[in-house]
Protein chains: 2
Amino acid sequence: MAEDRLLRYGVVAAAFLLIGACIALAVSPLPAGPGGEADRETIFQVSTIDALLQGVYDGDMTFDELATHGNLGIGCGDRLDGELIGVDGEWYLIRTDGRAYPVTGNATTPFAAVTFFDPDMTIAIDEPVNLTGLGRYLEAELPSKNLFYAIRMDGTFPRVVTRSVPIQEKPYPRLADVTANQTVFTFENVTGTAVGFWTPVLAEGINVPGYHLHFITSDRTAGGHLLDMTVTECSVQVDTTTNFTMALPASGDFRTVDLSGDLSDDLEIVE
Amino acid sequence: MAEDRLLRYGVVAAAFLLIGACIALAVSPLPAGPGGEADRETIFQVSTIDALLQGVYDGDMTFDELATHGNLGIGCGDRLDGELIGVDGEWYLIRTDGRAYPVTGNATTPFAAVTFFDPDMTIAIDEPVNLTGLGRYLEAELPSKNLFYAIRMDGTFPRVVTRSVPIQEKPYPRLADVTANQTVFTFENVTGTAVGFWTPVLAEGINVPGYHLHFITSDRTAGGHLLDMTVTECSVQVDTTTNFTMALPASGDFRTVDLSGDLSDDLEIVE
């Protein structure tokens, strides 16, 4: 009887162990390949910058779905309602009051780029530079001008200048006309995080060639699209990314917008 | 004692049931999204056409890996050794002798685009047209000029003209210089399959805007890059594709090639 009970407990214990192992197997990271490790080295993008420049502002993908493709990124809200920033899997829209609002999962974005951030290199900045100087400094360190790079900078910055744009109504104006009415915010001695991408010129028309960064304060209450900043001392983390995926809207204004032109003049005004 | 045994068997049975359920969970198809159903609606590409035009010919991805991203596609072999065509998950290189050779899985490609072919529409051709006329006819039926389309045509064609190019050695010449020495094949009353893509102009520099098709005979022995064809009666299957992924080479000549120029003149010569 004692032996039987021991055996019974043994069987129960073994069963629980096996159940545990099976659950672990079911939720374990997938192997490399689609959906697995390799996908972490992909920048995933919704729509194209040239569509946004021409007023394709209706949201096409929910933030819940966007978040399955990365834990860091930038973009904008439905109808341009705020500048999007994602850090550590937390997503915020910075609206024209300058405040950061956590996104609603079922709200949508018309344009965003995200990735799972796994830095490959850290570049130390130890002398005062503005955003242009910082850009030049980083660019010299990039291993190739033909790949994509995700960027993250955490620190205390003497000066950060950001902007946000107001929500739009149809008929939508071009983005260059919207940014003419942007609201600009200046932060001094602010602690926070700038994130975004360096895009190769091969993706011109699809995303913004060169740098495109957004900023959020360390208490995650304010920020915006980065216009300028002064950096005195900072470690810049860079994630070299060889794969790029874009999800193009199958419906709405995207279907008919003319994407054959060179909009680099528009982009110059907007950025 | 009998009750104890029953209980013991019950626990063992329950454990096996749970193990089975857990294994089923572990190997069950993934939900839509990365690695799941949505990936079938992706065109997956290795490198860019502008890199190929400038002589980046060293293979970067094995055909075994390429085949995990689609069952239909086109491209070329390592060092331009043959025109690649994939139909129904079977992959061939058509070399300058005009013959189709099944690919070796561990051989590589410097440039290819593939997808899982799930046709969304069938367009009937019922009057004689050449490739230009066919192109115009199909283009009028595409639901948007801003998406990607995979194309498959099976039939008997009065005339098909293809080409292949010879394997190259370093220092690699530009592709426009290689195609100046291409071998051209003319087939008459040939039964076979043409497959390829219609690429939107938004991907200029990345792939070939408009049509890019390769051909293989129904006995899978000959074919090439499609230069022209006469179609009298044919059903053209079209797979509308909203997602596009490119895998950029992290090493080799791709890292340093200048991809900032407009190579549309080169493309005109090559295609």
# chains A, B, ... in the order shown; residues from 1 in each chain; ligands from 1
>>> select_by_dssp(residues="range 25-229 of chain A", states="strand (DSSP E or B)", output="ChimeraX atom specification")
/A:42-46,61-62,72-76,83-87,90-94,99-102,108-109,111-115,121-125,129,148-164,183-199,204,207,209-217,222-229
>>> select_by_dssp(residues="range 59-263 of chain A", states="alpha helix (DSSP H)", output="MDAnalysis selection string")
chainID A and resid 63:66 131:139 175:179
>>> write_last_selection(atoms="C-alpha atoms", output="PDB file, in the first residue's frame")
ATOM      1  CA  PHE A  63      -0.572  49.096 -32.902  1.00  0.00           C
ATOM      2  CA  ASP A  64      -1.236  45.609 -31.498  1.00  0.00           C
ATOM      3  CA  GLU A  65      -0.195  44.064 -34.818  1.00  0.00           C
ATOM      4  CA  LEU A  66       2.710  46.499 -35.237  1.00  0.00           C
ATOM      5  CA  LEU A 131      22.354  66.439 -34.472  1.00  0.00           C
ATOM      6  CA  THR A 132      24.233  67.092 -37.747  1.00  0.00           C
ATOM      7  CA  GLY A 133      27.603  66.555 -36.090  1.00  0.00           C
ATOM      8  CA  LEU A 134      26.344  63.457 -34.321  1.00  0.00           C
ATOM      9  CA  GLY A 135      25.044  62.114 -37.630  1.00  0.00           C
ATOM     10  CA  ARG A 136      28.400  62.565 -39.343  1.00  0.00           C
ATOM     11  CA  TYR A 137      30.203  60.933 -36.418  1.00  0.00           C
ATOM     12  CA  LEU A 138      27.940  57.868 -36.447  1.00  0.00           C
ATOM     13  CA  GLU A 139      27.892  57.534 -40.219  1.00  0.00           C
ATOM     14  CA  LEU A 175       2.746  66.581 -45.346  1.00  0.00           C
ATOM     15  CA  ALA A 176       4.952  69.585 -46.270  1.00  0.00           C
ATOM     16  CA  ASP A 177       1.869  71.809 -45.728  1.00  0.00           C
ATOM     17  CA  VAL A 178       1.073  70.111 -42.412  1.00  0.00           C
ATOM     18  CA  THR A 179       4.577  70.558 -40.981  1.00  0.00           C
TER      19      THR A 179
END
>>> atom_distance(atom1="CA of Leu142 in chain A", atom2="CA of Ala112 in chain A")
23.0 Å
>>> residues_around(residues="range 72-84 of chain A", least_positions_apart="2", cutoff="8 Å", atoms="only C-alpha atoms", output="ChimeraX atom specification")
/A:57-59,70,86-89,91-96,107-117,164-169,195-196,213-214,224-225
>>> closest_residue(among="B:Phe157, B:Phe44, B:Tyr101, B:Phe197", to="chain A", atoms="only C-alpha atoms")
B:Phe44
>>> residues_around(residues="Asp265 in chain A", least_positions_apart="2", cutoff="12 Å", atoms="only C-alpha atoms", output="count of residues only")
13
>>> closest_residue(among="A:Thr240, A:Thr183, A:Thr42, A:Thr62", to="Glu141 in chain A", atoms="only C-alpha atoms")
A:Thr240
>>> atom_distance(atom1="CA of Val184 in chain B", atom2="CA of Thr217 in chain B")
15.2 Å
>>> atom_distance(atom1="CA of Arg40 in chain B", atom2="CA of Ala67 in chain B")
12.4 Å
>>> residues_around(residues="Met121 in chain B", least_positions_apart="6", cutoff="12 Å", atoms="only C-alpha atoms", output="list in words")
Leu138, Glu141, Leu142, Pro143, Tyr149, Ala150, Ile151, Arg152, Ser235, Val236, Gln237, Val238, Asp239, Thr240 and Thr241 of chain B
>>> write_last_selection(atoms="all heavy atoms", output="compact mmCIF listing (two decimals), in the first residue's frame")
# COMPACT_ATOMS: atom_id res chain seq x y z
N LEU B 138 -2.55 43.11 -69.29
CA LEU B 138 -2.56 42.71 -67.87
C LEU B 138 -2.57 43.93 -66.96
O LEU B 138 -3.32 44.00 -65.98
CB LEU B 138 -1.32 41.88 -67.54
CG LEU B 138 -1.22 40.48 -68.13
CD1 LEU B 138 0.01 39.78 -67.58
CD2 LEU B 138 -2.46 39.66 -67.80
N GLU B 141 -5.64 45.47 -65.83
CA GLU B 141 -6.47 44.69 -64.90
C GLU B 141 -5.96 44.72 -63.46
O GLU B 141 -6.65 44.28 -62.55
CB GLU B 141 -6.53 43.21 -65.36
CG GLU B 141 -7.03 43.00 -66.79
CD GLU B 141 -8.51 43.34 -66.93
OE1 GLU B 141 -9.27 42.99 -66.02
OE2 GLU B 141 -8.87 43.98 -67.95
N LEU B 142 -4.74 45.21 -63.25
CA LEU B 142 -4.17 45.19 -61.90
C LEU B 142 -4.94 46.16 -60.99
O LEU B 142 -5.17 47.30 -61.37
CB LEU B 142 -2.69 45.57 -61.94
CG LEU B 142 -1.78 44.67 -62.80
CD1 LEU B 142 -0.34 45.17 -62.75
CD2 LEU B 142 -1.87 43.22 -62.37
N PRO B 143 -5.32 45.73 -59.79
CA PRO B 143 -6.14 46.57 -58.92
C PRO B 143 -5.43 47.81 -58.39
O PRO B 143 -6.09 48.75 -57.96
CB PRO B 143 -6.53 45.63 -57.78
CG PRO B 143 -5.58 44.49 -57.84
CD PRO B 143 -5.13 44.37 -59.25
N TYR B 149 2.91 42.00 -57.89
CA TYR B 149 2.12 40.90 -58.44
C TYR B 149 3.05 39.78 -58.90
O TYR B 149 4.01 40.05 -59.65
CB TYR B 149 1.28 41.38 -59.63
CG TYR B 149 0.32 42.48 -59.23
CD1 TYR B 149 0.71 43.82 -59.31
CD2 TYR B 149 -0.93 42.19 -58.71
CE1 TYR B 149 -0.14 44.84 -58.89
CE2 TYR B 149 -1.79 43.20 -58.29
CZ TYR B 149 -1.38 44.52 -58.39
OH TYR B 149 -2.22 45.51 -57.96
N ALA B 150 2.75 38.56 -58.46
CA ALA B 150 3.42 37.38 -59.02
C ALA B 150 2.55 36.87 -60.16
O ALA B 150 1.31 36.94 -60.09
CB ALA B 150 3.60 36.32 -57.95
N ILE B 151 3.19 36.39 -61.23
CA ILE B 151 2.49 36.03 -62.46
C ILE B 151 2.89 34.63 -62.89
O ILE B 151 4.06 34.25 -62.80
CB ILE B 151 2.84 37.06 -63.57
CG1 ILE B 151 2.30 38.44 -63.19
CG2 ILE B 151 2.29 36.60 -64.93
CD1 ILE B 151 2.86 39.56 -64.03
N ARG B 152 1.90 33.87 -63.37
CA ARG B 152 2.19 32.55 -63.93
C ARG B 152 1.30 32.32 -65.15
O ARG B 152 0.08 32.51 -65.07
CB ARG B 152 1.93 31.46 -62.88
CG ARG B 152 2.08 30.06 -63.47
CD ARG B 152 1.96 28.96 -62.45
NE ARG B 152 2.10 27.68 -63.11
CZ ARG B 152 2.42 26.53 -62.52
NH1 ARG B 152 2.62 26.52 -61.22
NH2 ARG B 152 2.52 25.42 -63.22
N SER B 235 -4.54 31.61 -70.14
CA SER B 235 -5.05 32.13 -68.87
C SER B 235 -3.84 32.56 -68.03
O SER B 235 -2.96 31.75 -67.76
CB SER B 235 -5.82 31.05 -68.12
OG SER B 235 -7.05 30.83 -68.73
N VAL B 236 -3.82 33.82 -67.67
CA VAL B 236 -2.72 34.35 -66.87
C VAL B 236 -3.17 34.41 -65.42
O VAL B 236 -4.18 35.05 -65.10
CB VAL B 236 -2.30 35.75 -67.35
CG1 VAL B 236 -1.09 36.24 -66.57
CG2 VAL B 236 -2.04 35.76 -68.85
N GLN B 237 -2.45 33.71 -64.55
CA GLN B 237 -2.78 33.73 -63.11
C GLN B 237 -1.95 34.81 -62.43
O GLN B 237 -0.73 34.92 -62.67
CB GLN B 237 -2.47 32.38 -62.48
CG GLN B 237 -3.34 31.25 -63.03
CD GLN B 237 -2.94 29.92 -62.40
OE1 GLN B 237 -1.91 29.36 -62.72
NE2 GLN B 237 -3.76 29.46 -61.48
N VAL B 238 -2.62 35.59 -61.59
CA VAL B 238 -1.96 36.72 -60.93
C VAL B 238 -2.18 36.64 -59.42
O VAL B 238 -3.32 36.46 -58.96
CB VAL B 238 -2.49 38.06 -61.47
CG1 VAL B 238 -1.83 39.24 -60.76
CG2 VAL B 238 -2.24 38.16 -62.97
N ASP B 239 -1.10 36.78 -58.65
CA ASP B 239 -1.14 36.75 -57.19
C ASP B 239 -0.80 38.14 -56.68
O ASP B 239 0.36 38.56 -56.72
CB ASP B 239 -0.13 35.70 -56.68
CG ASP B 239 -0.11 35.58 -55.17
OD1 ASP B 239 -0.91 36.26 -54.49
OD2 ASP B 239 0.73 34.80 -54.66
N THR B 240 -1.80 38.88 -56.23
CA THR B 240 -1.59 40.21 -55.66
C THR B 240 -0.86 40.07 -54.33
O THR B 240 -1.28 39.28 -53.48
CB THR B 240 -2.94 40.92 -55.43
OG1 THR B 240 -3.65 40.93 -56.67
CG2 THR B 240 -2.75 42.35 -54.94
N THR B 241 0.23 40.83 -54.16
CA THR B 241 1.08 40.64 -52.99
C THR B 241 1.35 41.99 -52.34
O THR B 241 1.92 42.87 -52.98
CB THR B 241 2.40 39.94 -53.40
OG1 THR B 241 2.07 38.77 -54.17
CG2 THR B 241 3.21 39.54 -52.21
>>> closest_residue(among="A:Leu202, A:Val129, A:Ala124, A:Val160", to="chain B", atoms="only C-alpha atoms")
A:Leu202
>>> residues_around(residues="Ile206 in chain B", least_positions_apart="2", cutoff="12 Å", atoms="only C-alpha atoms", output="ChimeraX atom specification")
/A:146,200-206,244 /B:44-53,111-113,199-204,208-209,244-248,259-260,262-264,267
>>> closest_residue(among="B:Asp60, B:Pro102, B:Arg174, B:His69", to="chain A", atoms="only C-alpha atoms")
B:His69
>>> decode(residues="range 214-258 of chain A", atoms="N, CA and C atoms", output="compact mmCIF listing (two decimals), in the first residue's frame")
# COMPACT_ATOMS: atom_id res chain seq x y z
N HIS A 214 12.99 59.88 -33.25
CA HIS A 214 12.01 60.50 -32.35
C HIS A 214 12.58 60.44 -30.93
N PHE A 215 12.02 61.27 -30.05
CA PHE A 215 12.55 61.40 -28.68
C PHE A 215 11.42 61.28 -27.66
N ILE A 216 11.76 60.70 -26.49
CA ILE A 216 10.81 60.69 -25.36
C ILE A 216 11.59 60.87 -24.06
N THR A 217 11.01 61.61 -23.11
CA THR A 217 11.68 61.85 -21.84
C THR A 217 11.72 60.55 -21.01
N SER A 218 12.65 60.51 -20.04
CA SER A 218 12.83 59.28 -19.27
C SER A 218 11.58 58.92 -18.46
N ASP A 219 10.76 59.94 -18.09
CA ASP A 219 9.51 59.62 -17.38
C ASP A 219 8.38 59.32 -18.37
N ARG A 220 8.71 59.27 -19.66
CA ARG A 220 7.75 58.88 -20.72
C ARG A 220 6.51 59.78 -20.74
N THR A 221 6.74 61.09 -20.56
CA THR A 221 5.59 62.01 -20.54
C THR A 221 5.59 63.01 -21.69
N ALA A 222 6.74 63.19 -22.38
CA ALA A 222 6.82 64.21 -23.44
C ALA A 222 7.88 63.80 -24.45
N GLY A 223 7.89 64.48 -25.60
CA GLY A 223 8.88 64.15 -26.63
C GLY A 223 8.47 64.68 -27.98
N GLY A 224 8.69 63.88 -29.04
CA GLY A 224 8.30 64.27 -30.39
C GLY A 224 9.32 63.85 -31.43
N HIS A 225 9.04 64.30 -32.67
CA HIS A 225 9.95 64.06 -33.81
C HIS A 225 11.19 64.92 -33.59
N LEU A 226 12.36 64.33 -33.60
CA LEU A 226 13.59 65.04 -33.26
C LEU A 226 14.02 65.99 -34.37
N LEU A 227 14.11 67.28 -34.04
CA LEU A 227 14.59 68.28 -35.01
C LEU A 227 16.05 68.61 -34.78
N ASP A 228 16.45 68.69 -33.51
CA ASP A 228 17.86 68.96 -33.19
C ASP A 228 18.13 68.55 -31.75
N MET A 229 19.37 68.34 -31.43
CA MET A 229 19.74 68.07 -30.05
C MET A 229 21.21 68.37 -29.86
N THR A 230 21.59 68.67 -28.62
CA THR A 230 23.00 68.81 -28.29
C THR A 230 23.38 67.63 -27.42
N VAL A 231 24.43 66.96 -27.80
CA VAL A 231 24.92 65.79 -27.06
C VAL A 231 26.30 66.13 -26.57
N THR A 232 26.54 65.91 -25.27
CA THR A 232 27.89 66.15 -24.76
C THR A 232 28.60 64.83 -24.51
N GLU A 233 27.90 63.90 -23.87
CA GLU A 233 28.48 62.60 -23.58
C GLU A 233 27.37 61.59 -23.70
N CYS A 234 27.56 60.57 -24.52
CA CYS A 234 26.47 59.62 -24.73
C CYS A 234 27.01 58.34 -25.37
N SER A 235 26.37 57.22 -25.05
CA SER A 235 26.66 55.97 -25.75
C SER A 235 25.51 55.72 -26.72
N VAL A 236 25.85 55.63 -28.00
CA VAL A 236 24.83 55.39 -29.02
C VAL A 236 24.86 53.90 -29.37
N GLN A 237 23.72 53.24 -29.19
CA GLN A 237 23.62 51.81 -29.52
C GLN A 237 23.09 51.67 -30.94
N VAL A 238 23.73 50.80 -31.73
CA VAL A 238 23.36 50.64 -33.13
C VAL A 238 23.11 49.15 -33.44
N ASP A 239 21.98 48.86 -34.07
CA ASP A 239 21.61 47.50 -34.46
C ASP A 239 21.65 47.41 -35.99
N THR A 240 22.70 46.79 -36.52
CA THR A 240 22.82 46.57 -37.97
C THR A 240 21.76 45.58 -38.41
N THR A 241 21.00 45.96 -39.47
CA THR A 241 19.85 45.15 -39.86
C THR A 241 19.91 44.90 -41.36
N THR A 242 19.99 43.63 -41.76
CA THR A 242 20.14 43.30 -43.18
C THR A 242 18.80 43.07 -43.88
N ASN A 243 17.76 42.73 -43.10
CA ASN A 243 16.47 42.43 -43.74
C ASN A 243 15.49 43.58 -43.56
N PHE A 244 14.69 43.79 -44.59
CA PHE A 244 13.72 44.87 -44.58
C PHE A 244 12.40 44.35 -45.16
N THR A 245 11.32 44.57 -44.43
CA THR A 245 10.00 44.15 -44.90
C THR A 245 9.07 45.34 -44.93
N MET A 246 8.32 45.49 -46.02
CA MET A 246 7.26 46.51 -45.98
C MET A 246 5.92 45.85 -46.24
N ALA A 247 4.92 46.32 -45.47
CA ALA A 247 3.54 45.87 -45.62
C ALA A 247 2.78 47.03 -46.26
N LEU A 248 2.40 46.86 -47.52
CA LEU A 248 1.73 47.95 -48.24
C LEU A 248 0.23 47.86 -48.05
N PRO A 249 -0.43 49.00 -47.85
CA PRO A 249 -1.89 48.99 -47.66
C PRO A 249 -2.59 48.45 -48.91
N ALA A 250 -3.50 47.51 -48.70
CA ALA A 250 -4.23 46.91 -49.83
C ALA A 250 -5.48 47.72 -50.17
N SER A 251 -5.79 48.73 -49.35
CA SER A 251 -7.01 49.50 -49.58
C SER A 251 -6.76 50.98 -49.30
N GLY A 252 -7.79 51.79 -49.49
CA GLY A 252 -7.68 53.22 -49.17
C GLY A 252 -6.89 53.98 -50.23
N ASP A 253 -6.44 55.19 -49.84
CA ASP A 253 -5.77 56.10 -50.77
C ASP A 253 -4.47 55.53 -51.33
N PHE A 254 -3.86 54.59 -50.60
CA PHE A 254 -2.58 54.05 -51.06
C PHE A 254 -2.68 53.42 -52.45
N ARG A 255 -3.84 52.81 -52.72
CA ARG A 255 -4.01 52.09 -54.00
C ARG A 255 -3.82 52.99 -55.21
N THR A 256 -4.17 54.28 -55.09
CA THR A 256 -4.20 55.14 -56.26
C THR A 256 -3.19 56.29 -56.24
N VAL A 257 -2.50 56.49 -55.11
CA VAL A 257 -1.56 57.61 -55.03
C VAL A 257 -0.43 57.40 -56.04
N ASP A 258 0.03 58.48 -56.66
CA ASP A 258 1.10 58.40 -57.67
C ASP A 258 2.45 58.35 -56.96
